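Novice: Okay, so here is data32.cif, and as you'll see once you scroll down, it has mmCIF, C-alpha atoms.
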data_structure
loop_
_atom_site.label_atom_id
_atom_site.label_comp_id
_atom_site.auth_asym_id
_atom_site.auth_seq_id
_atom_site.Cartn_x
_atom_site.Cartn_y
_atom_site.Cartn_z
CA MET A 1 0.00 0.00 0.00
CA LYS A 2 1.30 3.45 -0.90
CA ARG A 3 1.81 5.98 1.88
CA CYS A 4 0.76 9.62 1.76
CA LEU A 5 1.91 12.22 4.26
CA ILE A 6 -0.71 14.92 4.81
CA VAL A 7 0.83 18.21 5.91
CA ASP A 8 -1.51 20.97 7.09
CA ASP A 9 -1.74 23.02 10.26
CA SER A 10 -5.52 22.63 10.34
CA ARG A 11 -6.67 19.45 12.00
CA VAL A 12 -10.01 19.70 10.16
CA VAL A 13 -8.33 19.92 6.76
CA ARG A 14 -6.09 16.97 7.61
CA LYS A 15 -9.10 14.93 8.63
CA VAL A 16 -11.03 15.70 5.44
CA ALA A 17 -7.98 15.04 3.24
CA ARG A 18 -7.22 11.86 5.13
CA ARG A 19 -10.69 10.44 4.49
CA ILE A 20 -10.44 11.21 0.75
CA ILE A 21 -6.92 9.84 0.36
CA GLU A 22 -7.64 6.67 2.32
CA ASP A 23 -10.57 6.08 -0.05
CA LEU A 24 -7.96 6.14 -2.83
CA ARG A 25 -6.32 3.21 -1.01
CA PHE A 26 -3.39 5.01 0.59
CA ALA A 27 -2.07 4.59 4.09
CA THR A 28 -1.78 8.08 5.58
CA ASP A 29 0.33 9.95 8.12
CA GLU A 30 -0.15 13.50 9.33
CA ALA A 31 2.11 16.43 10.10
CA ALA A 32 1.06 19.86 11.38
CA ASP A 33 3.97 21.87 9.94
CA GLY A 34 6.98 21.61 7.63
CA GLN A 35 9.41 20.62 10.38
CA GLN A 36 7.21 17.75 11.57
CA ALA A 37 6.86 16.69 7.94
CA LEU A 38 10.61 16.75 7.39
CA ASP A 39 11.18 14.68 10.54
CA ALA A 40 8.62 12.15 9.30
CA CYS A 41 10.29 11.96 5.87
CA ARG A 42 13.70 11.40 7.46
CA LYS A 43 12.26 8.39 9.28
CA ALA A 44 10.49 6.97 6.23
CA MET A 45 10.05 8.54 2.79
CA PRO A 46 6.35 8.51 1.81
CA ASP A 47 5.20 7.89 -1.78
CA ALA A 48 3.19 11.10 -1.80
CA VAL A 49 2.95 14.34 0.16
CA LEU A 50 -0.14 16.57 0.23
CA LEU A 51 1.31 19.91 1.27
CA ASP A 52 -0.15 23.13 2.66
CA TRP A 53 1.79 26.38 2.13
CA ASN A 54 1.20 28.63 5.13
CA MET A 55 2.08 26.87 8.37
CA PRO A 56 3.87 27.83 11.61
CA VAL A 57 7.47 26.72 12.36
CA MET A 58 8.32 25.77 8.75
CA ASN A 59 6.10 26.58 5.76
CA GLY A 60 5.37 24.29 2.84
CA ILE A 61 7.77 25.76 0.31
CA ASP A 62 10.72 25.64 2.74
CA PHE A 63 9.83 22.04 3.59
CA LEU A 64 9.70 21.15 -0.12
CA ARG A 65 13.13 22.67 -0.81
CA ALA A 66 14.60 20.87 2.21
CA LEU A 67 12.93 17.59 1.22
CA ARG A 68 14.37 17.69 -2.29
CA ARG A 69 17.88 18.04 -0.80
CA GLU A 70 17.44 14.99 1.45
CA PRO A 71 18.79 11.58 0.40
CA GLY A 72 15.87 9.93 -1.45
CA GLY A 73 13.97 13.22 -1.19
CA ASP A 74 13.50 13.40 -4.94
CA ARG A 75 11.23 10.36 -4.85
CA PRO A 76 7.99 11.45 -3.14
CA VAL A 77 5.36 12.97 -5.39
CA VAL A 78 4.50 16.33 -3.85
CA VAL A 79 1.08 17.86 -4.43
CA PHE A 80 0.60 21.34 -3.00
CA CYS A 81 -2.82 21.98 -1.51
CA THR A 82 -3.19 25.60 -0.50
CA THR A 83 -5.32 28.74 -0.55
CA GLU A 84 -2.49 30.48 -2.42
CA ASN A 85 -4.15 30.54 -5.83
CA ASP A 86 -2.17 32.98 -7.95
CA MET A 87 0.16 32.19 -10.80
CA ALA A 88 3.25 33.50 -8.95
CA HIS A 89 2.80 31.01 -6.11
CA ILE A 90 2.02 28.15 -8.50
CA ALA A 91 5.13 28.91 -10.55
CA GLU A 92 7.32 29.14 -7.44
CA ALA A 93 6.01 25.80 -6.17
CA MET A 94 6.64 24.06 -9.48
CA ARG A 95 10.13 25.59 -9.75
CA SER A 96 10.88 24.33 -6.25
CA GLY A 97 10.09 20.74 -7.14
CA ALA A 98 6.33 20.28 -6.66
CA ASN A 99 4.63 17.77 -8.99
CA GLU A 100 1.08 19.10 -8.90
CA TYR A 101 -0.87 21.93 -7.34
CA ILE A 102 -4.33 22.07 -5.80
CA MET A 103 -6.02 25.37 -5.01
CA LYS A 104 -8.28 25.20 -1.95
CA PRO A 105 -11.13 24.59 -1.50
CA PHE A 106 -10.75 21.04 -2.73
CA ASP A 107 -13.03 18.03 -2.89
CA SER A 108 -12.52 14.33 -3.52
CA GLU A 109 -12.86 14.75 -7.29
CA ILE A 110 -10.07 17.32 -7.43
CA ILE A 111 -7.72 15.23 -5.28
CA GLU A 112 -8.44 12.14 -7.34
CA SER A 113 -7.98 14.03 -10.61
CA LYS A 114 -4.67 15.53 -9.49
CA PHE A 115 -3.36 12.26 -8.06
CA ALA A 116 -4.21 10.65 -11.40
CA GLU A 117 -2.26 13.37 -13.28
CA VAL A 118 0.91 12.42 -11.44
CA GLY A 119 0.37 8.68 -11.70
CA LEU A 120 -0.48 8.03 -8.04
CA VAL A 121 -3.85 6.43 -8.85
CA MET B 122 -44.07 19.44 -9.44
CA ASN B 123 -47.27 17.58 -10.37
CA SER B 124 -47.37 14.92 -13.07
CA GLN B 125 -49.17 17.11 -15.63
CA ASP B 126 -46.52 19.79 -15.32
CA PHE B 127 -43.80 17.17 -15.60
CA GLU B 128 -45.37 15.80 -18.77
CA PHE B 129 -45.63 19.26 -20.23
CA VAL B 130 -41.97 20.11 -19.58
CA SER B 131 -40.64 16.70 -20.64
CA GLY B 132 -42.75 16.93 -23.83
CA LEU B 133 -41.21 20.31 -24.56
CA ILE B 134 -37.67 18.96 -24.07
CA LYS B 135 -38.41 15.96 -26.27
CA ARG B 136 -39.76 18.09 -29.14
CA ARG B 137 -37.13 20.80 -28.95
CA ALA B 138 -33.98 18.89 -28.02
CA GLY B 139 -34.81 15.21 -28.54
CA ILE B 140 -34.07 14.52 -24.91
CA VAL B 141 -36.10 11.87 -23.16
CA MET B 142 -36.89 12.58 -19.52
CA THR B 143 -38.58 9.86 -17.52
CA PRO B 144 -40.48 10.64 -14.29
CA ASP B 145 -37.51 9.39 -12.23
CA LYS B 146 -35.75 12.56 -13.44
CA THR B 147 -38.29 14.81 -11.71
CA TYR B 148 -35.74 15.75 -9.07
CA LEU B 149 -33.17 16.75 -11.73
CA LEU B 150 -35.77 18.78 -13.56
CA GLU B 151 -36.82 20.60 -10.40
CA SER B 152 -33.26 21.30 -9.32
CA ARG B 153 -32.51 22.90 -12.70
CA LEU B 154 -35.76 24.84 -12.98
CA ALA B 155 -35.77 26.30 -9.45
CA PRO B 156 -32.91 28.78 -10.11
CA LEU B 157 -34.58 29.82 -13.37
CA ALA B 158 -37.87 30.50 -11.56
CA ARG B 159 -35.99 32.65 -9.03
CA LYS B 160 -34.21 34.53 -11.80
CA GLU B 161 -37.55 35.27 -13.43
CA GLY B 162 -38.90 36.57 -10.14
CA LEU B 163 -41.45 33.78 -9.85
CA PRO B 164 -42.23 32.29 -6.45
CA SER B 165 -42.09 28.61 -7.50
CA ILE B 166 -41.51 26.10 -10.28
CA ASP B 167 -45.27 25.66 -10.55
CA ASP B 168 -45.58 29.34 -11.37
CA LEU B 169 -42.78 29.08 -13.92
CA VAL B 170 -44.51 26.20 -15.69
CA HIS B 171 -47.82 28.05 -15.52
CA VAL B 172 -46.28 31.13 -17.16
CA ILE B 173 -44.73 29.03 -19.92
CA ARG B 174 -47.97 27.16 -20.60
CA SER B 175 -50.09 30.26 -20.72
CA ARG B 176 -47.76 32.69 -22.51
CA ARG B 177 -45.62 30.37 -24.68
CA GLU B 178 -42.86 32.94 -24.61
CA GLU B 179 -39.97 31.79 -26.84
CA ARG B 180 -37.38 33.56 -24.72
CA LEU B 181 -38.43 31.68 -21.61
CA ILE B 182 -38.82 28.34 -23.42
CA ALA B 183 -35.28 28.73 -24.78
CA GLN B 184 -34.00 29.23 -21.24
CA VAL B 185 -35.79 26.13 -20.01
CA ILE B 186 -34.20 24.09 -22.81
CA ASP B 187 -30.91 25.70 -21.93
CA VAL B 188 -30.86 24.82 -18.24
CA LEU B 189 -32.09 21.29 -18.89
CA THR B 190 -29.63 20.40 -21.63
CA THR B 191 -26.35 21.79 -20.34
CA GLY B 192 -24.27 18.74 -19.69
CA GLU B 193 -21.60 18.08 -17.18
CA THR B 194 -18.09 18.20 -18.65
CA HIS B 195 -14.47 18.74 -17.73
CA PHE B 196 -11.06 19.05 -19.34
CA PHE B 197 -9.74 15.80 -20.86
CA ARG B 198 -12.86 14.00 -19.66
CA ASP B 199 -12.20 10.24 -19.82
CA LYS B 200 -8.65 9.86 -21.04
CA THR B 201 -9.39 7.15 -23.63
CA PRO B 202 -10.90 9.29 -26.43
CA PHE B 203 -7.84 11.51 -26.37
CA GLU B 204 -5.62 8.44 -26.63
CA HIS B 205 -7.63 7.31 -29.68
CA LEU B 206 -7.04 10.70 -31.21
CA ARG B 207 -3.33 10.81 -30.44
CA GLU B 208 -2.42 7.20 -31.19
CA ALA B 209 -4.73 6.18 -34.03
CA VAL B 210 -6.88 8.88 -35.58
CA LEU B 211 -4.44 11.74 -36.08
CA PRO B 212 -1.53 9.65 -37.38
CA ALA B 213 -3.86 7.99 -39.93
CA LEU B 214 -5.41 11.25 -41.06
CA ALA B 215 -2.07 13.08 -41.09
CA ALA B 216 -0.96 10.64 -43.79
CA ALA B 217 -4.26 10.65 -45.67
CA ARG B 218 -4.72 14.45 -45.66
CA ARG B 219 -1.12 15.48 -46.38
CA GLY B 220 -1.11 18.81 -48.15
CA GLY B 221 -4.68 19.47 -47.06
CA ARG B 222 -6.26 19.98 -43.66
CA ILE B 223 -8.11 17.99 -41.01
CA ARG B 224 -11.51 19.18 -39.76
CA LEU B 225 -12.66 18.07 -36.33
CA TRP B 226 -16.19 18.58 -34.99
CA SER B 227 -16.98 18.58 -31.28
CA ALA B 228 -20.75 17.91 -31.34
CA GLY B 229 -22.47 18.84 -28.07
CA CYS B 230 -19.44 20.72 -26.75
CA SER B 231 -21.26 22.22 -23.75
CA THR B 232 -19.02 24.83 -22.10
CA GLY B 233 -16.05 24.13 -24.36
CA GLN B 234 -13.72 21.94 -22.30
CA GLU B 235 -13.62 19.18 -24.94
CA PRO B 236 -12.61 21.29 -27.97
CA TYR B 237 -10.14 23.26 -25.85
CA SER B 238 -8.60 20.03 -24.52
CA ILE B 239 -8.09 18.91 -28.12
CA ALA B 240 -6.62 22.29 -29.05
CA MET B 241 -4.17 22.09 -26.12
CA MET B 242 -3.16 18.57 -27.08
CA LEU B 243 -2.49 19.61 -30.67
CA ASP B 244 -0.54 22.63 -29.52
CA GLN B 245 1.64 20.52 -27.23
CA GLN B 246 2.27 17.85 -29.85
CA PRO B 247 2.30 19.55 -33.25
CA MET B 248 4.06 16.58 -34.84
CA LEU B 249 0.94 14.44 -34.32
CA THR B 250 -0.49 15.75 -37.56
CA GLY B 251 2.83 16.07 -39.35
CA GLY B 252 2.17 19.73 -40.08
CA VAL B 253 -1.35 19.21 -41.45
CA PRO B 254 -3.45 22.02 -39.95
CA VAL B 255 -6.46 21.06 -37.84
CA GLU B 256 -9.61 23.13 -37.79
CA ILE B 257 -11.89 22.62 -34.78
CA VAL B 258 -15.61 23.34 -35.00
CA ALA B 259 -17.62 23.03 -31.79
CA THR B 260 -21.39 23.13 -31.56
CA ASP B 261 -24.01 23.06 -28.86
CA LEU B 262 -27.69 23.72 -28.46
CA SER B 263 -27.33 25.93 -25.42
CA ASP B 264 -26.71 29.66 -25.80
CA ARG B 265 -25.57 29.86 -22.20
CA ALA B 266 -23.00 27.08 -22.65
CA LEU B 267 -21.73 28.60 -25.90
CA GLU B 268 -21.37 32.02 -24.34
CA LYS B 269 -19.13 30.56 -21.64
CA ALA B 270 -17.23 28.45 -24.17
CA ARG B 271 -16.53 31.47 -26.37
CA ALA B 272 -15.38 33.52 -23.39
CA GLY B 273 -13.10 30.65 -22.35
CA LEU B 274 -13.58 31.62 -18.71
CA TYR B 275 -13.59 28.86 -16.10
CA THR B 276 -13.89 28.69 -12.33
CA GLN B 277 -11.09 27.50 -10.08
CA PHE B 278 -13.10 24.32 -9.56
CA GLU B 279 -13.41 23.67 -13.32
CA VAL B 280 -9.71 24.18 -14.10
CA GLN B 281 -8.77 21.61 -11.47
CA ARG B 282 -10.74 18.74 -12.94
CA GLY B 283 -8.73 16.89 -15.56
CA LEU B 284 -6.31 19.72 -16.32
CA PRO B 285 -2.65 19.24 -15.34
CA ILE B 286 -1.19 22.25 -13.53
CA GLN B 287 1.46 22.66 -16.26
CA MET B 288 -1.30 23.19 -18.81
CA LEU B 289 -3.04 25.69 -16.54
CA MET B 290 0.22 27.62 -16.26
CA HIS B 291 0.86 27.45 -19.97
CA TYR B 292 -2.55 28.19 -21.44
CA PHE B 293 -4.50 30.19 -18.85
CA THR B 294 -4.35 33.57 -17.18
CA GLN B 295 -6.07 34.52 -13.98
CA HIS B 296 -8.94 37.03 -14.02
CA ASP B 297 -10.14 37.72 -10.48
CA ASP B 298 -11.42 34.35 -9.30
CA GLN B 299 -11.68 32.90 -12.81
CA TRP B 300 -9.19 31.54 -15.32
CA ARG B 301 -9.27 32.45 -19.00
CA ILE B 302 -7.86 30.25 -21.74
CA SER B 303 -5.38 31.99 -24.02
CA GLU B 304 -6.64 33.93 -27.00
CA ARG B 305 -4.50 31.82 -29.30
CA LEU B 306 -6.43 28.69 -28.31
CA ARG B 307 -9.76 30.50 -28.35
CA LEU B 308 -9.10 31.49 -31.95
CA GLN B 309 -8.43 27.87 -32.88
CA VAL B 310 -11.98 26.81 -32.06
CA THR B 311 -15.04 28.02 -33.96
CA PHE B 312 -18.18 27.81 -31.82
CA ARG B 313 -21.57 27.62 -33.44
CA LYS B 314 -25.10 27.09 -32.19
CA LEU B 315 -26.58 23.89 -33.57
CA ASN B 316 -29.42 21.58 -32.63
CA LEU B 317 -28.56 18.00 -33.61
CA LEU B 318 -32.26 17.47 -34.41
CA ASP B 319 -32.00 20.02 -37.24
CA ALA B 320 -30.08 19.92 -40.52
CA LEU B 321 -26.35 19.57 -39.86
CA SER B 322 -25.01 20.77 -43.21
CA ALA B 323 -23.86 24.10 -41.73
CA VAL B 324 -20.99 22.19 -40.09
CA GLY B 325 -19.56 21.28 -43.51
CA LYS B 326 -17.55 18.13 -44.24
CA VAL B 327 -15.54 16.86 -41.29
CA ASP B 328 -12.89 14.15 -40.78
CA ILE B 329 -13.33 13.54 -37.05
CA VAL B 330 -16.46 13.80 -34.92
CA PHE B 331 -16.42 13.82 -31.13
CA CYS B 332 -19.99 13.23 -29.98
CA ARG B 333 -19.75 12.08 -26.39
CA ASN B 334 -22.48 11.64 -23.81
CA VAL B 335 -25.03 13.25 -26.10
CA LEU B 336 -26.77 10.30 -27.77
CA THR B 337 -27.44 8.85 -24.32
CA TYR B 338 -30.24 11.36 -23.80
CA PHE B 339 -32.06 10.52 -27.06
CA ASP B 340 -34.58 7.76 -27.74
CA ALA B 341 -33.66 5.01 -30.21
CA ALA B 342 -35.26 6.63 -33.26
CA THR B 343 -33.60 10.00 -32.62
CA ARG B 344 -30.25 8.30 -31.99
CA SER B 345 -30.39 6.55 -35.39
CA ASP B 346 -31.46 9.71 -37.14
CA VAL B 347 -28.69 11.82 -35.58
CA LEU B 348 -25.99 9.20 -36.26
CA ASN B 349 -27.03 8.93 -39.92
CA LYS B 350 -27.02 12.70 -40.30
CA ILE B 351 -23.56 12.87 -38.69
CA ALA B 352 -22.37 10.22 -41.18
CA GLU B 353 -23.53 12.44 -44.05
CA GLN B 354 -21.27 15.23 -42.79
CA MET B 355 -18.23 13.00 -42.70
CA ALA B 356 -15.55 12.80 -45.35
CA PRO B 357 -14.54 9.30 -46.53
CA GLY B 358 -12.13 7.68 -44.07
CA GLY B 359 -13.54 9.77 -41.23
CA TYR B 360 -13.66 8.79 -37.56
CA LEU B 361 -16.38 9.06 -34.92
CA VAL B 362 -15.66 9.04 -31.18
CA LEU B 363 -18.53 8.31 -28.80
CA GLY B 364 -18.77 8.36 -25.01
CA ALA B 365 -17.68 5.41 -22.89
CA THR B 366 -21.19 4.00 -22.51
CA GLU B 367 -22.43 4.69 -26.04
CA THR B 368 -22.46 2.64 -29.23
CA VAL B 369 -23.64 2.84 -32.85
CA VAL B 370 -24.55 -0.84 -32.77
CA GLY B 371 -28.25 -1.24 -33.48
CA HIS B 372 -28.60 2.45 -34.34
CA SER B 373 -26.71 2.97 -37.57
CA THR B 374 -24.95 0.91 -40.22
CA ALA B 375 -22.95 3.89 -41.44
CA PHE B 376 -20.06 3.11 -39.08
CA GLU B 377 -17.70 0.26 -38.35
CA ALA B 378 -16.48 -0.25 -34.78
CA SER B 379 -12.76 -0.39 -34.12
CA HIS B 380 -11.81 -3.79 -32.76
CA GLU B 381 -9.03 -2.53 -30.52
CA ARG B 382 -10.40 0.81 -29.44
CA ARG B 383 -13.59 1.11 -27.48
CA GLY B 384 -15.78 4.04 -28.53
CA LEU B 385 -13.96 4.61 -31.81
CA TYR B 386 -15.79 4.14 -35.12
CA ARG B 387 -14.82 4.55 -38.72
CA LEU B 388 -17.18 5.72 -41.44
CA ALA B 389 -18.13 2.60 -43.43
CA GLN B 390 -16.87 2.48 -47.01
CA ASN B 391 -20.38 2.23 -48.41
CA ALA B 392 -21.81 4.81 -45.98
CA ALA B 393 -22.17 7.53 -48.60
CA ARG B 394 -24.44 5.30 -50.69
CA ALA B 395 -26.30 3.89 -47.69
CA ALA B 396 -27.07 7.38 -46.46
#
Can you turn what I pasted into structure tokens?
Specialist:
Amino acid sequence: MKRCLIVDDSRVVRKVARRIIEDLRFATDEAADGQQALDACRKAMPDAVLLDWNMPVMNGIDFLRALRREPGGDRPVVVFCTTENDMAHIAEAMRSGANEYIMKPFDSEIIESKFAEVGLV
Amino acid sequence: MNSQDFEFVSGLIKRRAGIVMTPDKTYLLESRLAPLARKEGLPSIDDLVHVIRSRREERLIAQVIDVLTTGETHFFRDKTPFEHLREAVLPALAAARRGGRIRLWSAGCSTGQEPYSIAMMLDQQPMLTGGVPVEIVATDLSDRALEKARAGLYTQFEVQRGLPIQMLMHYFTQHDDQWRISERLRLQVTFRKLNLLDALSAVGKVDIVFCRNVLTYFDAATRSDVLNKIAEQMAPGGYLVLGATETVVGHSTAFEASHERRGLYRLAQNAARAA
């Protein structure tokens, strides 16, 4: 079973995302900020990361850049999932190594569609 | 909505758009008509139906047809038809039409996602047609859908269904909370209002027809009639792509099914004479 790390500082968002992603037959883990996510990745690289942008301690883009420098950090498929919905943010995320980008609000169809784009489902 | 009103509205839809609505679709009908009633300043659907029955106002009837026929669609809906196009149809036609052009018709294009998906695919992979230009004609019955298609303006929700982020970045610009497809792509698609129940000759001769999730709503007789009329618009060697759940089998002898590719049909050699 593939593993997806869900990174968001909102417990509600994590819960909603978790339900959707588990329906897509993933095992899931959660992290509340970029640092927690990085620690989790150092223990075990997930197959996919659903990543919020604005979070305390370490934000999503800093986490992504750090992840891509880690050994094996090029492997996880990273899908941003954020309220940042302008072209400048999207371009920065993609330049920094994201694989896909979801603009909140999201629903199960959007997550499934985006996961399909990057070959996760 | 009472059964007489339902019969009246479903009769109207059948005559005007060929669409068959059975009583189990009452909920769908009500959910689409309620916003129209509100827009018209009428207190309920019953009042809306009453006004239509008594005044027979064309403007209002057209809006009823409009809200009841606008189909659900998204970018690159079902990946398979686009694979047919990329792997089989375009390479074959690129060879057959060398020095000429390829005409593609998106029949029942709704709000434009299908023709624009094709335009994006062609733009990304120009070698697919070996330099043979492709002209895309897209038609729909609904003025409201066509207006949106022509504007090429989509909500954040719509651009996230089926559209890879790289394509959003490449082909769209943001306008407030909407996304507009580039003018270059908009100019590649000619939108036209057309009712498939009417004469189809205005479309001209075409090499490829995408007609997906449209026939589903017609009864058997209408389905046959529309398929045969589509065949008449097709150039020899032309291809027809239907939706995942649709078939020509039992409805028209003008097409031959592809053995390897589900939903792909070729115009039969003798179709011109048969039609």
Novice: Residues of chain A within 12 Å of chain B, counting only C-alpha atoms - could you list those as JSON, numbers by chain?
Specialist: {"A": [79, 80, 81, 83, 84, 85, 86, 87, 88, 89, 90, 91, 92, 93, 94, 95, 98, 99, 100, 101, 102, 103, 104, 105, 106, 107, 108, 109, 110, 111, 112, 113, 114, 115, 116, 117, 118, 119]}
Novice: Can you measure atom CA of Glu151 of chain B to atom CA of Leu189 of chain B for me? One decimal in Å is fine.
Specialist: 9.7 Å
Novice: Starting from the PyMOL selection byres ((chain B and resi 329-344) around 9), expand the selection into actual residues of this file and give them as a VMD selection string.
Specialist: chain B and resid 135 138 to 142 192 202 210 223 to 230 235 to 236 318 327 to 328 345 to 349 351 355 to 356 359 to 369 371 to 373
Novice: Given only C-alpha atoms as the basis, pick out the residue of B:Glu128, B:Gln184, B:Gly358, B:Gln245 nearest to Thr147 of chain B.
Specialist: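 Answer, going by the shortest atom-to-atom distance: B:Glu128.
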Novice: Name the residues captured by the PyMOL selection byres ((chain B and resi 154) around 12) when it is applied to the shown file; answer as a PyMOL selection string.
Specialist: chain B and resi 122+127+130+147-153+155-161+163-170+181-182+184-190
Novice: Would you mind reading off the distance between atom CA of Phe312 of chain B and atom CA of Thr260 of chain B, one decimal, in Å?
Specialist: 5.7 Å
Novice: Quick one: apply the PyMOL selection byres ((chain A and resi 62) around 12) to the file and drop the selected residues here as a list in words.
Specialist: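 Taken over the shown coordinates, the PyMOL selection byres ((chain A and resi 62) around 12) returns Asp33, Gly34, Gln35, Ala37, Leu38, Leu51, Asp52, Trp53, Asn54, Met55, Pro56, Val57, Met58, Asn59, Gly60, Ile61, Phe63, Leu64, Arg65, Ala66, Leu67, Arg68, Arg69, Glu92, Ala93, Ser96, Gly97 and Ala98 of chain A.
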Novice: Just checking: using all atoms listed in the file, which residue out of A:Arg18, A:Arg42, A:Arg75, A:Arg25 ends up closest to Ile6 of chain A?
Specialist: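 Residue with the minimum atom-to-atom distance to Ile6 of chain A: A:Arg18.
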